[in-house]
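S.K.: Structure incoming, see below.
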Amino acid sequence: MNDQNEKTDRKPKPLFRRWSTWFLLGLLGLIALVGSIPTIMGSKWLYQRLVDQLAIEGFRLKVDSAQFAWFRPLSIHGIELEQVDAPQKARSLLSIDSIASNRSLMGYLLYGRDLGRVTIHNPKLDIELLENSSNLEKLARSIENSSLASKPGSAKSKPKLDVQVVVKDLTVAVRRQETGQDLLVIPPVDLDLRYLALDGNARLEFAPTQLLDRVEVTQELVRLGLGRAVPLLSKSAWFDGRVSLHVDKLEIPLDQPLYAKGRAELALHEVRSGPSEPIVVNIIDMISRLRKTEIPQELVFIDGSIIQVRLADGRVEHQGVQVGFPKVDQRLQLSSAGTVGLVDRELNVGLGIPVPLEMLARRESVQQIGVPQVTLPIRGTIDSPFVDWKALRGDSADLLSLVGAALGDEAPGTAALIDMASGVAGGKADEAIGAAVDLIKELRQRRLDRKSRSSGDAESGVLQPIDESKEETSKPQAPRRPLRDALKNILGGSPSGG
C-alpha cells in the first residue's frame with residue numbers, strides 16, 4: 001500500500017524546467033566561449049598563423065606575445081620585421097617594443113571604425129642604402145607584389161577608419177649596406193598623428209612636434225628634404241653643423257602626398273657648406289675680385305638663425321636664410337627666399353647678393369651706403385637653374401636710385417644720370433629716354449645761346465683786360481665736362497651764361 005502511494009507521489013518534471021536547465025547550461029557555455037575568445041586570440045598558436053598569412057617576399061614578421069581582453073586595453077609586444085634575404089645574415093628593418101590601444105575588444109565593438117588611440121613604444125627603423133635603392137623601397141615593392149596588395153583590376157582604396165597614433169621614442173638610422181657605417185641618426189623623437197578617412201578624404205594630420213633636435217647635417221638628410229627647404233645646401237660638396245626642425249602643423253593627403261600642407265621652423269646651428277653650384281661660385285669670385293682678396297669657397301650660415309618653411313600646392317616655400325663670409329667681412333651676406341617645386345622641381349628663388357659700393361665709389365656719401373643687397377632671381381629647375389636677368393631690373397633700379405639719392409647736391413649731374421639709368425633698369429625706358437631727349441634739347445639750346453652771345457661780344461669789340469686774360473691763360477685748363485656742367489647748372493638753378 002505504501003509502495004503504491006510512493007508511486008503516485010512521484011510525478012514527472014515539467015517540460016519547462018527541463019528546457020530552462022538546458023538553456024542555462026547553453027548560456028553558460030556560450031558565455032564561457034565568448035569569454036575565452038580573447039585568450040584564444042592571444043594564444044601564439046593562433047596569432048602566429050595570422051602573422052604567417054602576412055608573409056612578404058624577402059621579409060619576416062615576428063611577434064612575441066599578444067594580450068586581448070573584453071574589458072582591458074589590447075596590446076602586442078615584441079614586433080620585429082626582418083630582411084631575411086640580406087647578403088650576410090637577417091637584418092632588422094623595424095623593431096617595436098609594444099603597440100598598445102586605449103580600448104578593449106568591447107570598446108571596438110561599441111565604437112566601430114573609430115579606433116581611438118594606439119600608442120607605439122620605442123620603434124627603431126634601420127634603413128640600409130643598397131646600390132640603387134634601399135631596404136625600405138624593397139619592402140614597398142614586396143608588399144605591392146604580395147597578397148596584401150589589391151588584386152589586378154580592383155580599385156585601391158584606403159581603409160575607412162579614424163585612429164590616433166602616438167609614437168614614443170622613435171629612432172631612425174641610415175647606413176650603407178657595404179660598410180655598415182651610420183650616415184644619418186635621428187635621436188629619439190615623439191610623434192602624434194591622426195589617420196582620418198571616415199569622411200572619404202584619407203589623410204595624415206601631424207600635431208606640432210620637435211621632429212629634429214640638433215641632428216648632424218649629412219648628404220642623406222639634405223636628400224631627404226633639407227635641400228628643398230634650404231636650396232643653398234642642395235648642391236654642396238661638403239657639410240658641417242647641426243639642424244633642428246619644429247613642425248607646427250602638417251597635413252598629408254594620402255592620394256597625393258606631394259601636395260602636403262603645413263608650416264615648420266628650421267634652426268641652423270653652426271652650419272657650413274662647400275658650394276658647388278656655378279651661380280654661387282661665380283658670386284663668390286665676383287666679391288673676391290671687388291675686394292681684391294681671396295675668399296674661401298665656404299658658406300657660413302648665421303648661427304641660430306630661424307628659417308620659416310611652408311608646404312602648399314606641391315611646393316616648399318622658405319624665407320629667412322642668411323649666409324655670409326665672416327672671415328672676410330661680417331657684412332658680406334647672401335640671403336635666400338622663394339619656392340622649390342616638389343613635383344616639377346621648379347625654382348622661383350630670390351638670391352640676395354651683397355654689392356660693396358664702398359669698393360666701387362670714391363665719394364664718401366656713396367661709401368656710407370656700405371654693402372646693400374641686390375636680389376638675383378633664380379629660375380629654371382633644381383637640375384638646371386638660371387638667372388632671370390629681366391626680372392633683375394627692379395632691384396637694380398632701386399639700387400641706382402639709392403646711389404642717386406646719396407649723391408644728392410654733392411654731384412647733381414651724376415645723380416641725374418643715375419636716376420635716368422634707374423628708370424631704364426626699372427622698366428621705364430620710355431620715360432627715361434624722353435627725359436634724356438628733353439635734356440639734350442635743353443643743352444643744345446644753351447650752347448646756341450652761348451655762341452650767339454660770344455659772337456655779339458666779338459662784333460662789338462669788347463676786349464678783356466690784359467691782366468685778367470693773363471691770369472686765365474696762366475692757370476691750367478681744367479678738363480671740360482660740358483654734360484656734367486650743364487646738368488649741374490640745370491639742377492642747381494644757376495643762370496645760363498658764359
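Chain lettering (A, B, ...) mirrors the order of the C-alpha cells, residue numbering begins at 1 for each chain separately, and ligand numbering begins at 1 in order of display.
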Residues near range 68-72 of chain A, anyone? I mean within 6 Å using only C-alpha atoms, not counting same-chain ones fewer than 4 positions away, as an MDAnalysis selection string.

M.R.: chainID A and resid 38 42 104:106

S.K.: How would the residues just picked look written out with C-alpha atoms as a PDB file, in the first residue's frame?

M.R.:
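As a result, out.pdb now contains:
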ATOM      1  CA  PRO A  38      40.470  36.892 -26.059  1.00  0.00           C
ATOM      2  CA  GLY A  42      46.098  35.902 -27.645  1.00  0.00           C
ATOM      3  CA  SER A 104      39.272  46.817 -25.252  1.00  0.00           C
ATOM      4  CA  LEU A 105      37.501  44.380 -27.563  1.00  0.00           C
ATOM      5  CA  MET A 106      34.181  45.623 -26.226  1.00  0.00           C
TER       6      MET A 106
END

S.K.: What's the separation between CA of Gly380 in chain A and CA of Thr339 in chain A, in Å to one decimal place?

M.R.: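 Going from CA of Gly380 in chain A over to CA of Thr339 in chain A, I get 11.6 Å.
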
S.K.: Could you find all residues in range 48-204 of chain A that DSSP calls strand (DSSP E or B) from the backbone, and write them as a ChimeraX atom specification?

M.R.: /A:56,59-67,75-83,91-101,114-121,124-129,134,162-176,182-196,203-204

S.K.: Save out the residues we just selected, C-alpha atoms, as a PDB file, in the first residue's frame.

M.R.:
ATOM      1  CA  ILE A  56      56.171  39.187 -47.664  1.00  0.00           C
ATOM      2  CA  PHE A  59      60.968  39.749 -45.153  1.00  0.00           C
ATOM      3  CA  ARG A  60      59.755  38.023 -41.999  1.00  0.00           C
ATOM      4  CA  LEU A  61      57.421  39.379 -39.313  1.00  0.00           C
ATOM      5  CA  LYS A  62      57.725  38.147 -35.734  1.00  0.00           C
ATOM      6  CA  VAL A  63      55.522  38.827 -32.689  1.00  0.00           C
ATOM      7  CA  ASP A  64      56.477  37.709 -29.184  1.00  0.00           C
ATOM      8  CA  SER A  65      53.115  37.983 -27.416  1.00  0.00           C
ATOM      9  CA  ALA A  66      49.640  39.472 -27.648  1.00  0.00           C
ATOM     10  CA  GLN A  67      47.174  40.388 -24.922  1.00  0.00           C
ATOM     11  CA  SER A  75      48.444  45.249 -26.600  1.00  0.00           C
ATOM     12  CA  ILE A  76      51.005  43.434 -28.743  1.00  0.00           C
ATOM     13  CA  HIS A  77      54.639  43.017 -27.662  1.00  0.00           C
ATOM     14  CA  GLY A  78      57.948  42.313 -29.344  1.00  0.00           C
ATOM     15  CA  ILE A  79      57.226  43.147 -33.016  1.00  0.00           C
ATOM     16  CA  GLU A  80      60.118  42.788 -35.440  1.00  0.00           C
ATOM     17  CA  LEU A  81      60.316  42.939 -39.231  1.00  0.00           C
ATOM     18  CA  GLU A  82      63.484  41.298 -40.598  1.00  0.00           C
ATOM     19  CA  GLN A  83      65.024  41.267 -44.046  1.00  0.00           C
ATOM     20  CA  ARG A  91      68.832  42.259 -40.562  1.00  0.00           C
ATOM     21  CA  SER A  92      66.156  44.085 -38.662  1.00  0.00           C
ATOM     22  CA  LEU A  93      64.343  46.757 -40.647  1.00  0.00           C
ATOM     23  CA  LEU A  94      61.821  47.689 -37.958  1.00  0.00           C
ATOM     24  CA  SER A  95      61.526  46.715 -34.303  1.00  0.00           C
ATOM     25  CA  ILE A  96      58.838  47.844 -31.835  1.00  0.00           C
ATOM     26  CA  ASP A  97      58.710  47.148 -28.123  1.00  0.00           C
ATOM     27  CA  SER A  98      54.911  47.244 -27.946  1.00  0.00           C
ATOM     28  CA  ILE A  99      51.742  48.537 -29.568  1.00  0.00           C
ATOM     29  CA  ALA A 100      49.003  49.365 -27.056  1.00  0.00           C
ATOM     30  CA  SER A 101      45.446  50.540 -27.587  1.00  0.00           C
ATOM     31  CA  ASP A 114      36.650  54.947 -34.700  1.00  0.00           C
ATOM     32  CA  LEU A 115      39.630  53.038 -33.313  1.00  0.00           C
ATOM     33  CA  GLY A 116      40.588  55.532 -30.615  1.00  0.00           C
ATOM     34  CA  ARG A 117      44.257  55.926 -29.705  1.00  0.00           C
ATOM     35  CA  VAL A 118      47.083  53.492 -30.447  1.00  0.00           C
ATOM     36  CA  THR A 119      50.486  54.023 -28.806  1.00  0.00           C
ATOM     37  CA  ILE A 120      53.667  52.650 -30.385  1.00  0.00           C
ATOM     38  CA  HIS A 121      56.536  52.339 -27.903  1.00  0.00           C
ATOM     39  CA  LYS A 124      63.531  51.612 -34.320  1.00  0.00           C
ATOM     40  CA  LEU A 125      63.816  51.996 -38.084  1.00  0.00           C
ATOM     41  CA  ASP A 126      67.100  50.843 -39.661  1.00  0.00           C
ATOM     42  CA  ILE A 127      67.344  51.930 -43.298  1.00  0.00           C
ATOM     43  CA  GLU A 128      70.079  50.405 -45.441  1.00  0.00           C
ATOM     44  CA  LEU A 129      71.099  52.064 -48.687  1.00  0.00           C
ATOM     45  CA  SER A 134      67.071  50.932 -50.068  1.00  0.00           C
ATOM     46  CA  ASP A 162      39.827  57.049 -37.921  1.00  0.00           C
ATOM     47  CA  VAL A 163      42.658  56.410 -35.498  1.00  0.00           C
ATOM     48  CA  GLN A 164      45.099  58.458 -33.443  1.00  0.00           C
ATOM     49  CA  VAL A 165      48.673  57.132 -33.407  1.00  0.00           C
ATOM     50  CA  VAL A 166      51.109  58.234 -30.705  1.00  0.00           C
ATOM     51  CA  VAL A 167      54.739  57.266 -31.307  1.00  0.00           C
ATOM     52  CA  LYS A 168      57.091  57.257 -28.321  1.00  0.00           C
ATOM     53  CA  ASP A 169      60.882  57.439 -28.751  1.00  0.00           C
ATOM     54  CA  LEU A 170      61.168  56.843 -32.485  1.00  0.00           C
ATOM     55  CA  THR A 171      64.766  56.435 -33.701  1.00  0.00           C
ATOM     56  CA  VAL A 172      65.938  56.273 -37.304  1.00  0.00           C
ATOM     57  CA  ALA A 173      69.334  55.178 -38.583  1.00  0.00           C
ATOM     58  CA  VAL A 174      70.511  55.290 -42.199  1.00  0.00           C
ATOM     59  CA  ARG A 175      73.584  53.293 -43.214  1.00  0.00           C
ATOM     60  CA  ARG A 176      75.227  51.860 -46.289  1.00  0.00           C
ATOM     61  CA  ASP A 182      75.855  55.203 -39.953  1.00  0.00           C
ATOM     62  CA  LEU A 183      75.249  58.074 -42.365  1.00  0.00           C
ATOM     63  CA  LEU A 184      72.331  59.624 -40.502  1.00  0.00           C
ATOM     64  CA  VAL A 185      70.997  59.043 -36.990  1.00  0.00           C
ATOM     65  CA  ILE A 186      67.818  60.721 -35.782  1.00  0.00           C
ATOM     66  CA  PRO A 187      67.722  60.586 -31.963  1.00  0.00           C
ATOM     67  CA  PRO A 188      64.524  59.611 -30.108  1.00  0.00           C
ATOM     68  CA  VAL A 189      61.565  61.741 -31.137  1.00  0.00           C
ATOM     69  CA  ASP A 190      57.858  61.649 -30.250  1.00  0.00           C
ATOM     70  CA  LEU A 191      55.086  61.904 -32.823  1.00  0.00           C
ATOM     71  CA  ASP A 192      51.359  62.466 -32.517  1.00  0.00           C
ATOM     72  CA  LEU A 193      49.384  61.916 -35.701  1.00  0.00           C
ATOM     73  CA  ARG A 194      45.897  61.010 -36.842  1.00  0.00           C
ATOM     74  CA  TYR A 195      44.808  58.846 -39.735  1.00  0.00           C
ATOM     75  CA  LEU A 196      41.426  60.189 -40.887  1.00  0.00           C
ATOM     76  CA  ARG A 203      44.945  61.908 -44.849  1.00  0.00           C
ATOM     77  CA  LEU A 204      47.535  62.102 -42.089  1.00  0.00           C
TER      78      LEU A 204
END

S.K.: Which residues are close to range 336-338 of chain A, i.e. within 8 Å by only C-alpha atoms, leaving aside same-chain residues fewer than 6 positions away? Reply as a PyMOL selection string.

M.R.: chain A and resi 232+317-322+347-352

S.K.: Please determine, counting only C-alpha atoms, which residue among A:Lys235, A:Lys292, A:Lys451, A:Lys158 has the shortest atom-to-atom distance to Ala202 in chain A.

M.R.: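 Checking each candidate against Ala202 in chain A, we get A:Lys158 as the closest.
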